[in-house]
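K.L.:
Please find input-v4.pdb (PDB, C-alpha atoms) on the next line:
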ATOM      1  CA  MET A   1     113.941  78.074  98.131
ATOM      2  CA  ARG A   2     111.734  80.933  97.003
ATOM      3  CA  ILE A   3     108.901  82.433  99.043
ATOM      4  CA  THR A   4     106.122  84.287  97.248
ATOM      5  CA  CYS A   5     105.577  87.365  99.393
ATOM      6  CA  PRO A   6     101.980  88.600  99.033
ATOM      7  CA  HIS A   7     103.352  92.146  98.683
ATOM      8  CA  CYS A   8     106.572  91.739  96.706
ATOM      9  CA  GLY A   9     106.183  88.545  94.666
ATOM     10  CA  ALA A  10     108.528  85.535  94.510
ATOM     11  CA  ARG A  11     111.794  86.224  96.335
ATOM     12  CA  ASP A  12     114.827  84.217  97.332
ATOM     13  CA  ALA A  13     114.691  82.846 100.895
ATOM     14  CA  GLN A  14     117.832  84.828 101.791
ATOM     15  CA  GLU A  15     115.674  87.983 101.867
ATOM     16  CA  PHE A  16     113.711  86.489 104.772
ATOM     17  CA  SER A  17     114.478  85.497 108.316
ATOM     18  CA  TYR A  18     112.810  82.587 110.068
ATOM     19  CA  LEU A  19     111.105  82.745 113.436
ATOM     20  CA  GLY A  20     109.404  79.402 114.031
ATOM     21  CA  ALA A  21     105.983  77.872 114.534
ATOM     22  CA  ALA A  22     103.149  80.248 113.667
ATOM     23  CA  ASP A  23     100.301  78.895 115.736
ATOM     24  CA  LEU A  24     101.619  78.953 119.297
ATOM     25  CA  GLN A  25      99.091  80.263 121.797
ATOM     26  CA  ARG A  26     100.488  82.082 124.806
ATOM     27  CA  PRO A  27      98.856  80.835 128.033
ATOM     28  CA  GLU A  28      96.545  83.357 129.640
ATOM     29  CA  GLY A  29      98.368  85.892 131.819
ATOM     30  CA  MET A  30      99.241  85.309 135.486
ATOM     31  CA  ALA A  31      96.836  82.384 135.762
ATOM     32  CA  ALA A  32      99.052  80.094 133.674
ATOM     33  CA  SER A  33     100.899  77.316 135.469
ATOM     34  CA  GLU A  34     104.666  77.092 135.335
ATOM     35  CA  ALA A  35     104.364  73.888 133.335
ATOM     36  CA  ALA A  36     102.080  75.509 130.757
ATOM     37  CA  MET A  37     104.524  78.423 130.336
ATOM     38  CA  ALA A  38     107.469  76.044 130.005
ATOM     39  CA  THR A  39     105.606  74.131 127.314
ATOM     40  CA  TYR A  40     104.783  77.373 125.478
ATOM     41  CA  VAL A  41     108.358  78.654 125.619
ATOM     42  CA  TYR A  42     110.335  75.465 124.998
ATOM     43  CA  GLN A  43     108.272  72.630 123.559
ATOM     44  CA  ARG A  44     108.081  72.464 119.765
ATOM     45  CA  ASP A  45     106.798  69.899 117.345
ATOM     46  CA  ASN A  46     109.297  68.864 114.705
ATOM     47  CA  PRO A  47     107.014  67.590 111.965
ATOM     48  CA  ALA A  48     108.188  65.744 108.874
ATOM     49  CA  GLY A  49     105.522  67.247 106.666
ATOM     50  CA  VAL A  50     103.337  70.328 106.582
ATOM     51  CA  HIS A  51     104.425  73.094 108.971
ATOM     52  CA  ARG A  52     103.013  76.590 109.460
ATOM     53  CA  GLU A  53     105.802  78.987 110.320
ATOM     54  CA  LEU A  54     106.600  82.685 110.635
ATOM     55  CA  TRP A  55     108.982  84.380 108.225
ATOM     56  CA  TYR A  56     109.980  88.049 108.221
ATOM     57  CA  HIS A  57     110.661  89.766 104.889
ATOM     58  CA  ALA A  58     113.648  91.654 106.250
ATOM     59  CA  ALA A  59     115.221  92.662 102.934
ATOM     60  CA  GLY A  60     111.877  93.565 101.359
ATOM     61  CA  CYS A  61     108.603  94.962 102.654
ATOM     62  CA  HIS A  62     109.284  94.216 106.342
ATOM     63  CA  ALA A  63     106.066  92.229 106.716
ATOM     64  CA  TRP A  64     105.626  89.134 108.869
ATOM     65  CA  LEU A  65     104.304  86.189 106.875
ATOM     66  CA  VAL A  66     102.789  82.832 107.786
ATOM     67  CA  VAL A  67     104.247  80.279 105.394
ATOM     68  CA  THR A  68     102.822  76.767 105.046
ATOM     69  CA  ARG A  69     105.759  74.599 104.036
ATOM     70  CA  ASP A  70     106.396  70.875 103.710
ATOM     71  CA  THR A  71     109.579  70.305 105.713
ATOM     72  CA  ARG A  72     110.481  67.248 103.585
ATOM     73  CA  SER A  73     110.325  68.888 100.152
ATOM     74  CA  HIS A  74     110.299  72.647 100.947
ATOM     75  CA  GLU A  75     107.137  72.854  98.887
ATOM     76  CA  ILE A  76     105.211  75.954  99.924
ATOM     77  CA  THR A  77     101.443  75.703  99.649
ATOM     78  CA  ALA A  78     100.331  79.004 101.216
ATOM     79  CA  VAL A  79     101.755  82.386 102.245
ATOM     80  CA  GLU A  80      99.594  84.758 104.265
ATOM     81  CA  VAL A  81     100.290  88.150 105.790
ATOM     82  CA  ALA A  82     100.481  87.492 109.540
ATOM     83  CA  LYS A  83      98.869  90.820 110.432
ATOM     84  CA  VAL A  84      95.785  90.053 108.343
ATOM     85  CA  ARG A  85      95.477  86.555 109.770
ATOM     86  CA  LYS A  86      95.811  87.875 113.342
ATOM     87  CA  ALA A  87      93.179  90.546 112.758
ATOM     88  CA  GLY A  88      90.848  87.852 111.429
ATOM     89  CA  ALA A  89      91.451  85.572 114.416
ATOM     90  CA  THR A  90      90.598  88.196 117.022
ATOM     91  CA  ALA A  91      87.607  89.653 115.179
TER      92      ALA A  91
ATOM     93  CA  MET B   1     137.625 127.120 114.963
ATOM     94  CA  ALA B   2     137.982 127.248 111.187
ATOM     95  CA  GLU B   3     138.671 123.498 111.208
ATOM     96  CA  THR B   4     135.479 122.805 113.141
ATOM     97  CA  ALA B   5     133.377 124.943 110.821
ATOM     98  CA  ARG B   6     134.721 123.140 107.760
ATOM     99  CA  SER B   7     134.144 119.669 109.124
ATOM    100  CA  TRP B   8     130.480 120.493 109.789
ATOM    101  CA  ALA B   9     129.790 121.835 106.282
ATOM    102  CA  ALA B  10     126.896 120.040 104.542
ATOM    103  CA  ARG B  11     127.930 117.620 101.833
ATOM    104  CA  GLY B  12     126.100 115.313  99.472
ATOM    105  CA  ALA B  13     125.731 111.574 100.011
ATOM    106  CA  TRP B  14     128.215 110.799  97.213
ATOM    107  CA  ALA B  15     130.930 113.193  98.423
ATOM    108  CA  GLY B  16     134.195 111.352  98.932
ATOM    109  CA  ILE B  17     132.680 108.130  97.518
ATOM    110  CA  ALA B  18     132.130 108.644  93.800
ATOM    111  CA  GLN B  19     132.741 111.414  91.317
ATOM    112  CA  ALA B  20     132.037 112.246  87.678
ATOM    113  CA  GLY B  21     134.318 110.563  85.160
ATOM    114  CA  GLN B  22     134.963 107.275  83.384
ATOM    115  CA  LEU B  23     134.990 104.000  85.291
ATOM    116  CA  GLY B  24     136.593 100.783  84.079
ATOM    117  CA  ALA B  25     136.829  99.910  80.396
ATOM    118  CA  THR B  26     137.494 102.763  78.000
ATOM    119  CA  GLY B  27     135.594 103.350  74.781
ATOM    120  CA  PRO B  28     131.829 103.675  74.450
ATOM    121  CA  ALA B  29     130.260 103.377  77.902
ATOM    122  CA  GLY B  30     128.109 100.291  78.436
ATOM    123  CA  VAL B  31     126.502 101.917  81.462
ATOM    124  CA  THR B  32     125.725 105.502  82.381
ATOM    125  CA  ALA B  33     125.407 106.393  86.061
ATOM    126  CA  THR B  34     124.069 109.681  87.370
ATOM    127  CA  LEU B  35     124.770 110.464  91.020
ATOM    128  CA  LEU B  36     121.631 112.229  92.232
ATOM    129  CA  ASP B  37     121.732 115.007  94.766
ATOM    130  CA  GLY B  38     119.586 117.784  96.148
ATOM    131  CA  PHE B  39     116.257 115.930  96.189
ATOM    132  CA  GLY B  40     113.815 115.992  99.083
ATOM    133  CA  LEU B  41     112.804 112.604 100.452
ATOM    134  CA  ALA B  42     110.440 111.443 103.161
ATOM    135  CA  THR B  43     108.808 108.242 104.330
ATOM    136  CA  LEU B  44     105.020 108.248 104.668
ATOM    137  CA  ILE B  45     103.273 105.604 106.759
ATOM    138  CA  ALA B  46      99.492 105.614 106.850
ATOM    139  CA  ALA B  47      97.630 104.759 110.034
ATOM    140  CA  PRO B  48      95.607 101.515 109.868
ATOM    141  CA  GLY B  49      92.712 102.225 107.516
ATOM    142  CA  GLY B  50      94.110 105.653 106.675
ATOM    143  CA  ALA B  51      95.703 104.952 103.295
ATOM    144  CA  ALA B  52      92.735 106.237 101.279
ATOM    145  CA  ALA B  53      92.641 109.566 103.132
ATOM    146  CA  LEU B  54      96.403 109.966 102.712
ATOM    147  CA  SER B  55      96.142 109.193  99.006
ATOM    148  CA  GLN B  56      93.393 111.798  98.626
ATOM    149  CA  ALA B  57      95.567 114.392 100.358
ATOM    150  CA  ILE B  58      98.449 113.579  97.984
ATOM    151  CA  VAL B  59      96.158 113.775  94.948
ATOM    152  CA  ALA B  60      94.858 117.151  96.120
ATOM    153  CA  ARG B  61      98.354 118.585  96.612
ATOM    154  CA  LEU B  62     100.447 116.864  93.960
ATOM    155  CA  GLY B  63      97.996 115.360  91.468
ATOM    156  CA  ILE B  64      99.304 111.806  91.914
ATOM    157  CA  ALA B  65      97.706 108.873  93.726
ATOM    158  CA  LEU B  66      99.556 106.534  96.062
ATOM    159  CA  PRO B  67     100.105 103.168  94.366
ATOM    160  CA  ALA B  68      98.696 100.209  96.320
ATOM    161  CA  MET B  69     101.078  97.850  94.500
ATOM    162  CA  PRO B  70     104.902  98.000  94.214
ATOM    163  CA  LYS B  71     104.804 100.875  91.722
ATOM    164  CA  ILE B  72     106.008 104.434  91.382
ATOM    165  CA  ALA B  73     103.721 107.327  90.407
ATOM    166  CA  SER B  74     105.254 110.575  89.217
ATOM    167  CA  SER B  75     104.382 114.158  88.418
ATOM    168  CA  ALA B  76     106.797 116.701  86.968
ATOM    169  CA  SER B  77     108.131 117.586  90.415
ATOM    170  CA  HIS B  78     107.289 114.697  92.730
ATOM    171  CA  ASP B  79     107.320 110.901  92.910
ATOM    172  CA  VAL B  80     105.498 108.587  95.284
ATOM    173  CA  ILE B  81     107.120 105.179  95.536
ATOM    174  CA  TRP B  82     105.583 102.126  97.200
ATOM    175  CA  SER B  83     107.859 100.944 100.007
ATOM    176  CA  GLY B  84     105.789  98.361 101.856
ATOM    177  CA  PRO B  85     102.144  97.841 102.847
ATOM    178  CA  ASP B  86     100.674 101.294 103.631
ATOM    179  CA  GLN B  87     104.147 102.855 103.267
ATOM    180  CA  TRP B  88     105.571 105.118 100.597
ATOM    181  CA  LEU B  89     108.541 107.285  99.813
ATOM    182  CA  LEU B  90     107.762 110.827  98.731
ATOM    183  CA  ARG B  91     110.465 112.454  96.638
ATOM    184  CA  ALA B  92     110.638 116.021  95.431
ATOM    185  CA  THR B  93     113.112 117.205  92.796
ATOM    186  CA  THR B  94     114.050 120.145  95.026
ATOM    187  CA  ARG B  95     113.868 120.789  98.747
ATOM    188  CA  GLU B  96     112.159 124.126  98.281
ATOM    189  CA  GLY B  97     108.785 123.991 100.013
ATOM    190  CA  PHE B  98     109.352 120.350 100.958
ATOM    191  CA  GLY B  99     109.236 120.999 104.704
ATOM    192  CA  SER B 100     105.851 122.702 104.532
ATOM    193  CA  LEU B 101     104.486 119.899 102.309
ATOM    194  CA  LEU B 102     105.571 117.335 104.903
ATOM    195  CA  GLU B 103     104.075 119.450 107.673
ATOM    196  CA  ALA B 104     100.746 119.494 105.839
ATOM    197  CA  LEU B 105     100.792 115.731 105.223
ATOM    198  CA  SER B 106     101.613 114.932 108.835
ATOM    199  CA  ALA B 107      97.899 115.136 109.669
ATOM    200  CA  GLN B 108      97.288 112.055 107.487
ATOM    201  CA  ALA B 109     100.455 110.023 107.973
ATOM    202  CA  ALA B 110     103.534 109.389 110.046
ATOM    203  CA  VAL B 111     106.034 111.476 108.084
ATOM    204  CA  SER B 112     109.792 111.348 108.456
ATOM    205  CA  ASP B 113     112.173 113.508 106.435
ATOM    206  CA  GLN B 114     114.911 111.318 104.920
ATOM    207  CA  SER B 115     116.397 113.856 102.496
ATOM    208  CA  ASP B 116     119.941 113.405 103.800
ATOM    209  CA  ALA B 117     119.562 109.740 104.733
ATOM    210  CA  ARG B 118     119.661 108.044 101.322
ATOM    211  CA  ALA B 119     121.897 108.087  98.304
ATOM    212  CA  ALA B 120     120.307 107.750  94.876
ATOM    213  CA  LEU B 121     121.717 106.689  91.535
ATOM    214  CA  ARG B 122     120.144 106.690  88.052
ATOM    215  CA  LEU B 123     121.403 103.973  85.715
ATOM    216  CA  SER B 124     120.966 103.505  81.992
ATOM    217  CA  GLY B 125     122.949 102.280  79.015
ATOM    218  CA  PRO B 126     122.935  99.198  76.789
ATOM    219  CA  ARG B 127     124.529  96.973  79.482
ATOM    220  CA  VAL B 128     122.648  98.248  82.522
ATOM    221  CA  ARG B 129     120.806  94.965  83.131
ATOM    222  CA  ASP B 130     124.055  92.997  82.821
ATOM    223  CA  VAL B 131     125.531  95.075  85.645
ATOM    224  CA  LEU B 132     122.442  94.792  87.838
ATOM    225  CA  ALA B 133     122.202  91.039  87.226
ATOM    226  CA  LYS B 134     125.442  90.650  89.179
ATOM    227  CA  GLY B 135     123.734  91.751  92.379
ATOM    228  CA  VAL B 136     119.968  91.981  92.019
ATOM    229  CA  MET B 137     117.964  88.799  92.607
ATOM    230  CA  LEU B 138     114.910  90.176  90.765
ATOM    231  CA  ASP B 139     114.231  89.570  87.084
ATOM    232  CA  LEU B 140     114.603  93.040  85.572
ATOM    233  CA  HIS B 141     113.800  91.997  81.999
ATOM    234  CA  PRO B 142     111.097  94.271  80.532
ATOM    235  CA  ALA B 143     108.769  91.247  80.333
ATOM    236  CA  ALA B 144     108.974  90.796  84.124
ATOM    237  CA  PHE B 145     109.705  94.304  85.437
ATOM    238  CA  ALA B 146     107.658  96.983  83.697
ATOM    239  CA  VAL B 147     108.180 100.729  83.555
ATOM    240  CA  GLY B 148     106.947 102.070  86.892
ATOM    241  CA  ASP B 149     107.608  98.851  88.825
ATOM    242  CA  THR B 150     109.551  99.084  92.080
ATOM    243  CA  GLY B 151     111.159  96.512  94.324
ATOM    244  CA  LEU B 152     112.726  96.361  97.757
ATOM    245  CA  THR B 153     115.534  93.839  97.761
ATOM    246  CA  SER B 154     119.221  93.569  98.512
ATOM    247  CA  ILE B 155     122.441  93.859  96.538
ATOM    248  CA  ALA B 156     125.560  92.335  98.075
ATOM    249  CA  HIS B 157     123.694  92.148 101.419
ATOM    250  CA  ILE B 158     122.885  95.861 101.249
ATOM    251  CA  GLY B 159     119.205  96.807 101.386
ATOM    252  CA  VAL B 160     118.207  98.671  98.222
ATOM    253  CA  HIS B 161     115.066 100.196  96.804
ATOM    254  CA  LEU B 162     114.986 100.273  93.013
ATOM    255  CA  TRP B 163     112.483 101.204  90.334
ATOM    256  CA  ARG B 164     112.249 101.489  86.574
ATOM    257  CA  LEU B 165     111.603 104.836  84.878
ATOM    258  CA  ALA B 166     110.414 105.462  81.317
ATOM    259  CA  ASP B 167     112.879 104.099  78.758
ATOM    260  CA  GLY B 168     115.611 106.373  77.450
ATOM    261  CA  PRO B 169     117.535 106.274  74.163
ATOM    262  CA  ASP B 170     119.638 103.331  75.449
ATOM    263  CA  GLY B 171     116.701 101.285  76.724
ATOM    264  CA  SER B 172     115.769 100.646  80.349
ATOM    265  CA  VAL B 173     116.423 103.307  82.997
ATOM    266  CA  PHE B 174     116.612 102.378  86.675
ATOM    267  CA  GLU B 175     117.024 104.321  89.880
ATOM    268  CA  ILE B 176     118.479 102.773  92.997
ATOM    269  CA  MET B 177     118.338 104.170  96.507
ATOM    270  CA  VAL B 178     120.484 102.920  99.370
ATOM    271  CA  ALA B 179     120.941 104.006 102.959
ATOM    272  CA  ARG B 180     123.613 106.678 103.038
ATOM    273  CA  SER B 181     125.649 104.822 105.643
ATOM    274  CA  MET B 182     125.992 101.915 103.172
ATOM    275  CA  VAL B 183     126.797 103.936 100.069
ATOM    276  CA  GLY B 184     130.551 103.280 100.249
ATOM    277  CA  SER B 185     129.975  99.521 100.256
ATOM    278  CA  PHE B 186     127.343  99.836  97.545
ATOM    279  CA  TRP B 187     129.655 101.846  95.299
ATOM    280  CA  SER B 188     132.392  99.291  95.839
ATOM    281  CA  TRP B 189     130.043  96.620  94.452
ATOM    282  CA  PHE B 190     128.828  98.837  91.622
ATOM    283  CA  ALA B 191     132.251 100.013  90.485
ATOM    284  CA  ALA B 192     133.584  96.445  90.381
ATOM    285  CA  SER B 193     130.473  95.188  88.569
ATOM    286  CA  ALA B 194     130.321  97.956  85.961
ATOM    287  CA  ALA B 195     134.060  98.106  85.211
ATOM    288  CA  GLU B 196     134.088  95.477  82.442
ATOM    289  CA  PHE B 197     131.410  97.356  80.463
ATOM    290  CA  GLY B 198     132.830 100.831  81.027
ATOM    291  CA  CYS B 199     130.731 103.338  82.957
ATOM    292  CA  ARG B 200     130.314 107.056  82.419
ATOM    293  CA  VAL B 201     129.584 108.723  85.747
ATOM    294  CA  SER B 202     127.984 112.152  85.954
ATOM    295  CA  THR B 203     126.184 114.163  88.595
ATOM    296  CA  GLY B 204     122.626 115.381  88.460
ATOM    297  CA  ARG B 205     119.687 116.652  90.418
ATOM    298  CA  GLY B 206     116.442 114.894  91.164
TER     299      GLY B 206
END
Would you write the structure of this file as structure tokens?

P.N.:
Amino acid sequence: MRITCPHCGARDAQEFSYLGAADLQRPEGMAASEAAMATYVYQRDNPAGVHRELWYHAAGCHAWLVVTRDTRSHEITAVEVAKVRKAGATA
Amino acid sequence: MAETARSWAARGAWAGIAQAGQLGATGPAGVTATLLDGFGLATLIAAPGGAAALSQAIVARLGIALPAMPKIASSASHDVIWSGPDQWLLRATTREGFGSLLEALSAQAAVSDQSDARAALRLSGPRVRDVLAKGVMLDLHPAAFAVGDTGLTSIAHIGVHLWRLADGPDGSVFEIMVARSMVGSFWSWFAASAAEFGCRVSTGRG
């Protein structure tokens, strides 16, 4: 599998390390219930299909990326820089 | 006391690892390796939104602009090498005046002197790409990797930073930089990979 890093270009997946789902939202501070925190920490979807996930370009530019990948075919349809996406979300 | 003084003497990154001579097959060398020493090196990291100001400061002092893409820009005495988003390596051919240059740039960037932290190697020769193909996952053919291109990748699980300089008489010329602590492992890979083509090893500055 090759991931096209927005900074470095197409690179072998062995240059990257995988973190997991990209769109988890941490419950708000001390107000969160125990159940909500448990869900945030432990519960994951396991989709057969499109999945947005975090990858770290450890052997390259050291950027965190959000990769949209089909878990059945490994087809990658989008790669975004996580920092840019995060800045956009909070703006 | 004499023993202590000797063990603390400064030595280059290649000392005790590699030396000038012929490696592997005899006859005309397929690869030429120059062990580089004596250069000044620093990492520059711009603050968010500060890359333009840093680039202007570099232009004013050295006459070269910071590349926004994975490229290297060079003057006669200095190189700036892309090393990640808003990050660059600054290399000087000598360490004279390097400290004061870094001091001046520290107003615009997070600057960290790495002069003794990396080992650098210049590679050329008719078989240079055949050697590199044994470890580098990037396509280094001139059609895919132009003069002035740089890449951060790994060779034999060792993080490397490599770039292509202007062609020499034998074709493509590459430089590779590795963390000094990994240079023994890197040289082990290189020596084994270059042996079949024959490699002439020399030392140089820069």

K.L.:
Convert the output of the ChimeraX specification (/A :<7) & /B on the shown file into explicit residues, formatted as a list in words.

P.N.:
Pro70, Ser83, Gly84, Leu152, Thr153, Ser154 and Gly159 of chain B

K.L.:
For the selection just defined, write its residues with C-alpha atoms to a file, as a PDB file, keeping the file's coordinate frame.

P.N.:
ATOM      1  CA  PRO B  70     104.902  98.000  94.214  1.00  0.00           C
ATOM      2  CA  SER B  83     107.859 100.944 100.007  1.00  0.00           C
ATOM      3  CA  GLY B  84     105.789  98.361 101.856  1.00  0.00           C
ATOM      4  CA  LEU B 152     112.726  96.361  97.757  1.00  0.00           C
ATOM      5  CA  THR B 153     115.534  93.839  97.761  1.00  0.00           C
ATOM      6  CA  SER B 154     119.221  93.569  98.512  1.00  0.00           C
ATOM      7  CA  GLY B 159     119.205  96.807 101.386  1.00  0.00           C
TER       8      GLY B 159
END

K.L.:
From the options A:Thr4, A:Glu53, A:His74, A:Leu65, which residue's atoms come nearest to Leu24 (chain A), counting all atoms listed in the file?

P.N.:
A:Glu53

K.L.:
If we count all atoms listed in the file and set the cut-off at 8 Å, which residues sit around Thr34 (chain B), ignoring sequence neighbours fewer than 5 positions away in its own chain? Please answer as a PyMOL selection string.

P.N.:
chain B and resi 121-123+201-204

K.L.:
Taking only C-alpha atoms into account, which of A:Gly20, A:Val66, A:Tyr40, A:Ala35 comes nearest Val84 (chain A)?

P.N.:
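Comparing A:Gly20, A:Val66, A:Tyr40, A:Ala35 against Val84 (chain A), the winner is A:Val66.
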
K.L.:
Can you sort out the box for region 144-152 of chain B, edges along x, y and z, all listed atoms in, 6 Å on every side, with centre and edge lengths in Å to one decimal, as JSON?

P.N.:
{"center_x": 109.8, "center_y": 96.4, "center_z": 90.7, "size_x": 17.8, "size_y": 23.3, "size_z": 26.2}

K.L.:
Give me, please, the distance in Å between CA of Val80 (chain B) and CA of Val183 (chain B), quoted to one decimal.

P.N.:
22.3 Å

K.L.:
At what distance in Å, to one decimal, does CA of Gly12 (chain B) lie from CA of Glu103 (chain B)?

P.N.:
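Interatomic distance, CA of Glu103 (chain B) to CA of Gly12 (chain B): 23.9 Å.
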
K.L.:
Taking all atoms listed in the file into account, which of B:Gly50, B:Gly40, B:Pro126, B:Gly184 comes nearest Ser77 (chain B)?

P.N.:
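Using all atoms listed in the file, Ser77 (chain B) sits closest to B:Gly40.
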
K.L.:
Which value, in Å to one decimal, gives the distance between CA of Ala53 (chain B) and CA of Gln108 (chain B)?

P.N.:
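Interatomic distance, CA of Ala53 (chain B) to CA of Gln108 (chain B): 6.8 Å.
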
K.L.:
Could you tell me, as a ChimeraX atom specification, which residues have any atom at most 12 Å from (113.4, 105.1, 96.4), counting only C-alpha atoms?

P.N.:
/B:36,39-43,70-73,78-84,87-92,114-115,117-122,148-153,159-165,174-179,206

K.L.:
Any chance you could work out the residue set of the PyMOL selection byres ((chain B and resi 110) around 8) here, as number ranges by chain?

P.N.:
B: 43-47, 106, 108-109, 111-112

K.L.:
With all atoms listed in the file as the counted atoms, please give the residues lying no more than 10 Å from Arg52 (chain A), apart from itself and same-chain residues fewer than 6 positions off, as a list in words.

P.N.:
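The residues satisfying every condition are Gly20, Ala21, Ala22, Asp23, Val66, Val67, Thr68, Arg69, Asp70, Thr71, Ile76, Thr77, Ala78 and Val79 of chain A.
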